[in-house]
file my_file-v6.cif (mmCIF, C-alpha atoms)
data_protein
#
loop_
_atom_site.label_atom_id
_atom_site.label_comp_id
_atom_site.auth_asym_id
_atom_site.auth_seq_id
_atom_site.Cartn_x
_atom_site.Cartn_y
_atom_site.Cartn_z
CA MET A 1 17.19 -8.15 3.60
CA ARG A 2 19.29 -7.38 0.53
CA ILE A 3 22.00 -5.26 2.08
CA GLU A 4 23.46 -4.50 -1.35
CA ASN A 5 20.22 -2.72 -2.30
CA ILE A 6 20.03 -0.56 0.83
CA ASN A 7 21.51 2.94 0.77
CA THR A 8 23.76 2.22 3.74
CA ASP A 9 26.19 5.00 2.80
CA PHE A 10 23.56 7.52 3.84
CA LEU A 11 21.47 5.60 6.36
CA ASN A 12 24.35 4.29 8.48
CA GLY A 13 25.72 7.82 8.73
CA VAL A 14 22.44 8.73 10.42
CA LEU A 15 22.79 5.81 12.83
CA VAL A 16 26.25 6.86 13.99
CA GLY A 17 25.20 10.49 14.38
CA ASP A 18 27.14 12.05 11.52
CA TYR A 19 23.95 13.85 10.50
CA ASP A 20 20.20 13.72 11.01
CA ASP A 21 17.67 12.34 8.58
CA VAL A 22 14.71 14.66 7.96
CA TYR A 23 11.49 12.87 7.07
CA TYR A 24 10.19 16.11 5.67
CA HIS A 25 6.77 15.06 4.44
CA PHE A 26 5.98 13.39 7.76
CA GLY A 27 7.10 16.44 9.73
CA THR A 28 9.70 14.68 11.84
CA ALA A 29 13.40 13.74 11.86
CA SER A 30 15.75 11.19 13.34
CA ASN A 31 16.59 13.58 16.20
CA ASP A 32 12.92 14.15 17.09
CA PRO A 33 12.00 12.87 20.58
CA LEU A 34 8.65 11.81 19.11
CA LEU A 35 10.35 8.84 17.46
CA THR A 36 11.45 7.36 20.79
CA GLY A 37 7.87 6.16 21.21
CA LEU A 38 8.08 4.15 17.99
CA ARG A 39 10.93 1.78 18.86
CA ASP A 40 8.55 -1.17 19.25
CA LEU A 41 7.24 -0.75 15.69
CA ARG A 42 6.17 -4.05 14.15
CA ALA A 43 4.06 -3.02 11.18
CA VAL A 44 3.55 -0.15 8.74
CA ILE A 45 0.07 0.29 7.27
CA LEU A 46 -0.35 2.70 4.36
CA ALA A 47 -3.57 4.01 2.87
CA GLY A 48 -4.46 6.73 0.42
CA SER A 49 -6.61 8.98 2.58
CA GLY A 50 -6.07 10.62 5.94
CA GLU A 51 -9.62 9.75 6.94
CA ARG A 52 -8.90 6.04 6.56
CA ILE A 53 -5.70 6.42 8.60
CA ARG A 54 -7.55 8.13 11.46
CA ASP A 55 -10.13 5.36 11.43
CA LEU A 56 -7.59 2.53 11.27
CA ALA A 57 -5.46 3.96 14.07
CA GLN A 58 -8.51 4.45 16.30
CA ARG A 59 -9.78 0.94 15.60
CA TRP A 60 -6.35 -0.60 16.29
CA SER A 61 -6.06 1.40 19.50
CA SER A 62 -9.49 0.12 20.59
CA ILE A 63 -8.51 -3.47 19.81
CA ASN A 64 -5.47 -2.97 22.05
CA ASP A 65 -7.15 -1.71 25.23
CA ASN A 66 -7.34 1.90 24.00
CA ALA A 67 -3.57 2.19 23.59
CA PRO A 68 -2.34 5.78 23.31
CA ILE A 69 -2.10 7.23 19.81
CA ILE A 70 0.92 9.31 18.80
CA ASN A 71 -0.05 12.02 16.31
CA PHE A 72 2.62 13.25 13.92
CA PRO A 73 2.54 17.07 13.82
CA LYS A 74 2.51 17.59 10.05
CA ASP A 75 -0.52 16.49 8.06
CA ASP A 76 -0.67 18.72 4.98
CA ARG A 77 0.82 15.95 2.81
CA PHE A 78 0.53 12.74 4.81
CA LEU A 79 -1.44 12.07 7.97
CA THR A 80 0.46 9.77 10.33
CA ARG A 81 -0.45 7.99 13.55
CA PHE A 82 1.30 5.39 15.72
CA THR A 83 -0.35 3.11 18.21
CA SER A 84 0.38 -0.29 19.74
CA GLY A 85 3.33 -1.15 17.53
CA VAL A 86 1.82 -0.01 14.23
CA LEU A 87 2.62 3.05 12.13
CA PHE A 88 -0.38 4.19 10.08
CA ALA A 89 0.32 6.72 7.32
CA SER A 90 -1.58 8.11 4.36
CA HIS A 91 0.23 8.24 1.02
CA GLY A 92 -2.02 10.34 -1.20
CA MET A 93 -3.14 9.22 -4.62
CA GLY A 94 -0.91 7.65 -7.26
CA MET A 95 2.61 6.27 -7.40
CA PRO A 96 4.48 9.62 -7.34
CA SER A 97 2.89 10.60 -4.02
CA ALA A 98 2.95 7.09 -2.56
CA SER A 99 6.62 6.63 -3.46
CA ILE A 100 7.52 9.64 -1.30
CA ALA A 101 5.63 8.26 1.68
CA LEU A 102 7.10 4.79 1.22
CA GLN A 103 10.72 5.89 0.85
CA GLU A 104 10.55 8.14 3.91
CA ALA A 105 8.84 5.38 5.89
CA MET A 106 11.55 2.88 4.86
CA ARG A 107 14.26 5.28 5.99
CA MET A 108 12.45 5.90 9.27
CA VAL A 109 12.03 2.18 9.96
CA TYR A 110 15.71 1.57 9.21
CA PHE A 111 16.59 4.23 11.80
CA LEU A 112 14.10 2.91 14.37
CA LYS A 113 15.52 -0.60 14.04
CA GLY A 114 19.12 0.61 14.20
CA GLY A 115 19.94 -0.99 10.86
CA ASP A 116 19.38 -4.46 12.36
CA LEU A 117 18.46 -6.60 9.35
CA ASP A 118 16.71 -9.27 11.41
CA ALA A 119 14.57 -6.61 13.08
CA LEU A 120 13.77 -5.10 9.69
CA ASP A 121 12.77 -8.53 8.39
CA SER A 122 10.17 -8.78 11.15
CA VAL A 123 8.30 -5.63 10.06
CA PHE A 124 5.03 -6.24 8.19
CA TRP A 125 4.00 -3.73 5.51
CA ALA A 126 0.61 -3.30 3.87
CA ARG A 127 -1.31 -0.94 1.67
CA VAL A 128 -5.04 -0.89 2.33
CA GLY A 129 -7.22 0.84 -0.21
CA THR A 130 -9.84 0.79 -2.92
CA SER A 131 -9.82 -0.28 -6.53
CA GLY A 132 -11.89 -0.96 -9.61
CA GLY A 133 -12.76 -4.57 -10.31
CA VAL A 134 -12.18 -6.45 -13.54
CA GLY A 135 -15.18 -8.76 -13.69
CA VAL A 136 -15.34 -8.58 -9.89
CA PRO A 137 -18.31 -7.03 -8.04
CA GLY A 138 -18.24 -4.17 -5.57
CA GLY A 139 -17.51 -5.17 -1.99
CA THR A 140 -15.03 -7.89 -2.93
CA VAL A 141 -11.62 -7.65 -1.25
CA VAL A 142 -8.56 -8.43 -3.36
CA VAL A 143 -5.30 -9.60 -1.78
CA THR A 144 -2.85 -8.97 -4.61
CA SER A 145 -0.57 -11.74 -5.86
CA GLU A 146 1.38 -9.57 -8.32
CA ALA A 147 1.13 -5.89 -9.23
CA LEU A 148 2.00 -4.79 -12.74
CA MET A 149 1.72 -1.75 -14.99
CA PRO A 150 -1.11 -1.50 -17.58
CA ASP A 151 1.02 -3.32 -20.19
CA LEU A 152 1.35 -6.26 -17.75
CA LYS A 153 5.04 -5.55 -17.28
CA PRO A 154 6.64 -4.71 -13.92
CA TYR A 155 7.12 -1.22 -12.55
CA ARG A 156 10.15 0.50 -14.05
CA LEU A 157 11.82 3.89 -14.08
CA LEU A 158 13.56 5.65 -16.92
CA ASN A 159 17.21 6.49 -16.41
CA ARG A 160 19.40 8.55 -18.75
CA ASP A 161 22.47 6.34 -18.54
CA HIS A 162 21.03 2.91 -17.79
CA GLY A 163 17.91 2.96 -19.93
CA MET A 164 15.49 1.41 -17.44
CA TYR A 165 15.36 0.18 -13.86
CA TRP A 166 13.00 -2.78 -13.43
CA PHE A 167 11.33 -3.76 -10.15
CA ASP A 168 9.79 -7.04 -8.99
CA GLY A 169 6.02 -6.70 -8.51
CA THR A 170 5.29 -9.99 -6.74
CA PHE A 171 3.85 -10.11 -3.24
CA PRO A 172 5.08 -12.76 -0.75
CA THR A 173 2.99 -15.89 -1.14
CA ALA A 174 3.16 -16.91 2.52
CA THR A 175 1.87 -13.54 3.70
CA ARG A 176 -0.91 -13.53 1.12
CA ASP A 177 -2.01 -17.03 2.11
CA ALA A 178 -1.97 -16.11 5.80
CA ILE A 179 -4.23 -13.11 5.14
CA LEU A 180 -6.64 -15.26 3.13
CA ASN A 181 -6.71 -17.88 5.90
CA ALA A 182 -7.25 -15.23 8.57
CA SER A 183 -10.25 -13.86 6.65
CA THR A 184 -12.07 -17.20 6.55
CA GLY A 185 -15.53 -16.91 8.06
CA GLN A 186 -15.73 -13.11 7.98
CA HIS A 187 -18.67 -13.08 5.54
CA ILE A 188 -16.60 -10.93 3.19
CA SER A 189 -15.70 -12.15 -0.29
CA VAL A 190 -11.89 -12.23 -0.31
CA ILE A 191 -9.99 -13.33 -3.40
CA SER A 192 -6.43 -13.23 -4.71
CA GLY A 193 -5.25 -12.22 -8.15
CA ARG A 194 -3.11 -9.88 -10.18
CA THR A 195 -3.51 -6.11 -9.96
CA ILE A 196 -2.51 -3.39 -12.38
CA ALA A 197 -1.36 0.01 -11.17
CA THR A 198 -1.75 3.02 -13.44
CA HIS A 199 -0.11 6.44 -13.47
CA GLU A 200 -3.42 8.06 -14.36
CA PHE A 201 -7.03 7.57 -13.30
CA PHE A 202 -8.84 8.13 -16.58
CA LEU A 203 -6.76 7.51 -19.70
CA GLU A 204 -4.55 4.63 -18.57
CA GLN A 205 -7.57 2.91 -17.07
CA PHE A 206 -9.43 3.15 -20.39
CA ARG A 207 -12.26 5.19 -18.90
CA LEU A 208 -14.78 6.73 -21.27
CA ASP A 209 -16.04 9.44 -18.86
CA GLY A 210 -13.02 11.72 -18.62
CA ALA A 211 -12.69 15.26 -19.96
CA ILE A 212 -10.27 13.68 -22.44
CA VAL A 213 -11.08 10.28 -23.91
CA LEU A 214 -8.77 8.21 -26.12
CA GLU A 215 -10.71 4.96 -26.23
CA THR A 216 -13.98 3.59 -27.58
CA PRO A 217 -16.41 1.17 -25.96
CA ALA A 218 -14.89 -1.57 -28.11
CA SER A 219 -11.27 -0.81 -27.18
CA LYS A 220 -12.20 -0.53 -23.51
CA ASP A 221 -13.92 -3.91 -23.61
CA ASP A 222 -10.93 -5.43 -25.41
CA PHE A 223 -8.57 -4.02 -22.74
CA LEU A 224 -10.58 -5.31 -19.78
CA THR A 225 -11.05 -8.69 -21.45
CA TRP A 226 -7.29 -8.92 -22.05
CA LEU A 227 -6.64 -8.07 -18.39
CA GLY A 228 -9.11 -10.67 -17.18
CA ASP A 229 -7.67 -13.32 -19.47
CA ASN A 230 -4.28 -12.65 -17.87
CA GLY A 231 -5.46 -13.07 -14.29
CA VAL A 232 -5.99 -9.39 -13.42
CA VAL A 233 -8.90 -8.86 -11.03
CA ASN A 234 -8.55 -5.19 -10.10
CA ILE A 235 -7.03 -1.82 -11.01
CA GLU A 236 -5.53 0.79 -8.68
CA MET A 237 -2.66 3.32 -8.72
CA GLU A 238 0.11 2.37 -6.27
CA GLY A 239 0.71 -1.37 -5.98
CA ALA A 240 3.38 -1.97 -8.63
CA MET A 241 5.66 0.65 -7.10
CA LEU A 242 4.93 -0.51 -3.55
CA ALA A 243 5.84 -4.12 -4.27
CA GLY A 244 8.85 -3.03 -6.33
CA TYR A 245 10.41 -0.90 -3.60
CA LEU A 246 9.77 -3.38 -0.78
CA ASN A 247 11.17 -6.21 -2.90
CA TRP A 248 14.20 -4.05 -3.70
CA TRP A 249 15.18 -4.01 -0.03
CA GLY A 250 14.08 -7.61 0.44
CA PHE A 251 11.29 -7.28 2.99
CA PRO A 252 9.80 -10.78 3.39
CA SER A 253 6.32 -9.80 4.63
CA PHE A 254 4.09 -7.28 2.86
CA ALA A 255 0.69 -7.18 1.19
CA MET A 256 -1.86 -5.10 -0.63
CA ILE A 257 -5.48 -5.43 0.41
CA CYS A 258 -7.98 -3.47 -1.69
CA SER A 259 -11.74 -3.31 -1.75
CA VAL A 260 -13.45 -3.22 -5.11
CA LEU A 261 -15.80 -0.23 -5.44
CA LEU A 262 -17.25 -1.16 -8.82
CA ASP A 263 -16.86 -3.64 -11.64
CA ARG A 264 -15.25 -1.72 -14.50
CA VAL A 265 -16.74 -4.17 -16.99
CA GLN A 266 -20.16 -2.78 -16.02
CA GLY A 267 -19.24 0.92 -16.21
CA ASP A 268 -16.87 3.72 -15.28
CA GLN A 269 -18.74 5.79 -12.70
CA VAL A 270 -19.02 4.97 -9.03
CA THR A 271 -22.78 4.94 -8.46
CA SER A 272 -23.09 3.07 -5.15
CA SER A 273 -24.61 4.93 -2.21
CA PRO A 274 -22.35 6.54 0.42
CA GLU A 275 -23.40 3.80 2.83
CA GLN A 276 -22.46 1.06 0.35
CA LEU A 277 -19.12 2.70 -0.42
CA ARG A 278 -18.34 2.97 3.28
CA GLN A 279 -19.08 -0.72 3.72
CA PHE A 280 -17.01 -1.66 0.67
CA SER A 281 -14.08 0.36 2.03
CA ASP A 282 -14.50 -1.09 5.53
CA ASN A 283 -14.27 -4.60 4.09
CA ALA A 284 -10.58 -4.11 3.25
CA SER A 285 -9.90 -2.56 6.66
CA ASP A 286 -11.63 -5.48 8.39
CA VAL A 287 -9.54 -8.04 6.49
CA MET A 288 -6.31 -6.19 7.30
CA LEU A 289 -7.10 -5.65 10.99
CA ASN A 290 -8.14 -9.27 11.41
CA TYR A 291 -4.80 -10.43 10.02
CA LEU A 292 -2.89 -7.83 12.04
CA THR A 293 -4.55 -9.07 15.21
CA THR A 294 -3.55 -12.63 14.36
CA LEU A 295 -0.01 -11.54 13.54
CA MET A 296 0.67 -9.43 16.63
CA HIS A 297 -1.19 -11.20 19.43
#

call {"tool": "encode", "arguments": {"input": "my_file-v6.cif", "output": "structure tokens"}}
result
Amino acid sequence: MRIENINTDFLNGVLVGDYDDVYYHFGTASNDPLLTGLRDLRAVILAGSGERIRDLAQRWSSINDNAPIINFPKDDRFLTRFTSGVLFASHGMGMPSASIALQEAMRMVYFLKGGDLDALDSVFWARVGTSGGVGVPGGTVVVTSEALMPDLKPYRLLNRDHGMYWFDGTFPTATRDAILNASTGQHISVISGRTIATHEFFLEQFRLDGAIVLETPASKDDFLTWLGDNGVVNIEMEGAMLAGYLNWWGFPSFAMICSVLLDRVQGDQVTSSPEQLRQFSDNASDVMLNYLTTLMH
């Protein structure tokens, strides 16, 4: 861990009892007895939707002899479950929402591990979700190597006095390789490549089917060709921030595993059947759970 990048001034005050830390959007706090059941936490799995979190937690419980599931009481923003050493939490859609979930989860994990840097190093993080492919067909699972913004530069934040804060968007190579190896023989197409994360679903992704359109078929094709030529295989809305924040603290093990719902080169609208979309989405969950089983058993 990079202790110089951790807000120890605040977080260590929580550890010594000077004050409590309220994880407001999760509906809990450091003084909540609910958290005593999370001390054996070994992984944090994030996903956009509450439905996926319910499904993942139930599947992980079943894999682990129907281990009890702890339900967090608040679910109007994020739905959160804990079972058999894994915290599952939804993060909503887009980097603003996901950044709230991630920061509160990081603070919570720091508290649960008592600020022990070695214990923090042992926690695996992952986002599991969906994405649009760039020359990649629906059903493919992408394990991201690097997540960037639409200009192929890392995630950054404006600051009045300092101009810009830049964040590292790379994902740990060893973790990525282990996930790819664990997925061998699953009859799911699993690839690795760069991902771009956008602030907006329509305009920044060069869609032509929004209520507002700024691009033409030619400029869209040029954009997707440029992405593909630079090793980008999919587009989503959270990964650059996720990698940036986890790298900022220095977590050594984290990943992003996303199913492709459609190839954006072929069109903008998701036209697959509900059954196909469910299978596409399940592909990413299967890859993640297979690796998690290998990691924790």

call {"tool": "atom_distance", "arguments": {"input": "my_file-v6.cif", "atom1": "CA of Gly132 in chain A", "atom2": "CA of Glu204 in chain A"}}
result
12.9 Å

call {"tool": "residues_around", "arguments": {"input": "my_file-v6.cif", "residues": "Ser131 in chain A", "least_positions_apart": "2", "cutoff": "12 Å", "atoms": "all atoms listed in the file", "output": "ChimeraX atom specification"}}
result
/A:48,93-94,127-129,133-134,136-144,195-198,201,205,233-239,256-264,268,270,277,280-281,284

call {"tool": "resolve_selection", "arguments": {"input": "my_file-v6.cif", "expression": "the PyMOL selection byres ((chain A and resi 81) around 9)", "output": "PyMOL selection string"}}
result
chain A and resi 53-54+57+69-72+79-80+82-83+86-89

call {"tool": "write_last_selection", "arguments": {"input": "my_file-v6.cif", "atoms": "C-alpha atoms", "output": "compact mmCIF listing (two decimals), in the frame of the given file"}}
result
# COMPACT_ATOMS: atom_id res chain seq x y z
CA ILE A 53 -5.70 6.42 8.60
CA ARG A 54 -7.55 8.13 11.46
CA ALA A 57 -5.46 3.96 14.07
CA ILE A 69 -2.10 7.23 19.81
CA ILE A 70 0.92 9.31 18.80
CA ASN A 71 -0.05 12.02 16.31
CA PHE A 72 2.62 13.25 13.92
CA LEU A 79 -1.44 12.07 7.97
CA THR A 80 0.46 9.77 10.33
CA PHE A 82 1.30 5.39 15.72
CA THR A 83 -0.35 3.11 18.21
CA VAL A 86 1.82 -0.01 14.23
CA LEU A 87 2.62 3.05 12.13
CA PHE A 88 -0.38 4.19 10.08
CA ALA A 89 0.32 6.72 7.32

call {"tool": "atom_distance", "arguments": {"input": "my_file-v6.cif", "atom1": "CA of Ile179 in chain A", "atom2": "CA of Asn290 in chain A"}}
result
8.3 Å

call {"tool": "atom_distance", "arguments": {"input": "my_file-v6.cif", "atom1": "CA of Leu157 in chain A", "atom2": "CA of Gly244 in chain A"}}
result
10.8 Å

call {"tool": "residues_near_point", "arguments": {"input": "my_file-v6.cif", "point": "(7.2, 13.3, -0.3)", "cutoff": "9 Å", "atoms": "only C-alpha atoms", "output": "list in words"}}
result
Tyr23, Tyr24, His25, Phe26, Arg77, Phe78, His91, Pro96, Ser97, Ala98, Ser99, Ile100, Ala101, Leu102, Gln103 and Glu104 of chain A

call {"tool": "closest_residue", "arguments": {"input": "my_file-v6.cif", "among": "A:Gln279, A:Asn66, A:Thr271, A:Asn247", "to": "Met106 in chain A", "atoms": "only C-alpha atoms"}}
result
A:Asn247

call {"tool": "residues_around", "arguments": {"input": "my_file-v6.cif", "residues": "Phe167 in chain A", "least_positions_apart": "3", "cutoff": "8 Å", "atoms": "only C-alpha atoms", "output": "PDB file with C-alpha atoms, in the coordinates of the input"}}
result
ATOM      1  CA  PRO A 154       6.640  -4.710 -13.920  1.00  0.00           C
ATOM      2  CA  TYR A 155       7.120  -1.220 -12.550  1.00  0.00           C
ATOM      3  CA  ARG A 156      10.150   0.500 -14.050  1.00  0.00           C
ATOM      4  CA  MET A 241       5.660   0.650  -7.100  1.00  0.00           C
ATOM      5  CA  GLY A 244       8.850  -3.030  -6.330  1.00  0.00           C
ATOM      6  CA  TYR A 245      10.410  -0.900  -3.600  1.00  0.00           C
ATOM      7  CA  ASN A 247      11.170  -6.210  -2.900  1.00  0.00           C
ATOM      8  CA  TRP A 248      14.200  -4.050  -3.700  1.00  0.00           C
TER       9      TRP A 248
END

call {"tool": "residues_around", "arguments": {"input": "my_file-v6.cif", "residues": "range 211-218 of chain A", "least_positions_apart": "5", "cutoff": "8 Å", "atoms": "all atoms listed in the file", "output": "PyMOL selection string"}}
result
chain A and resi 202-203+206
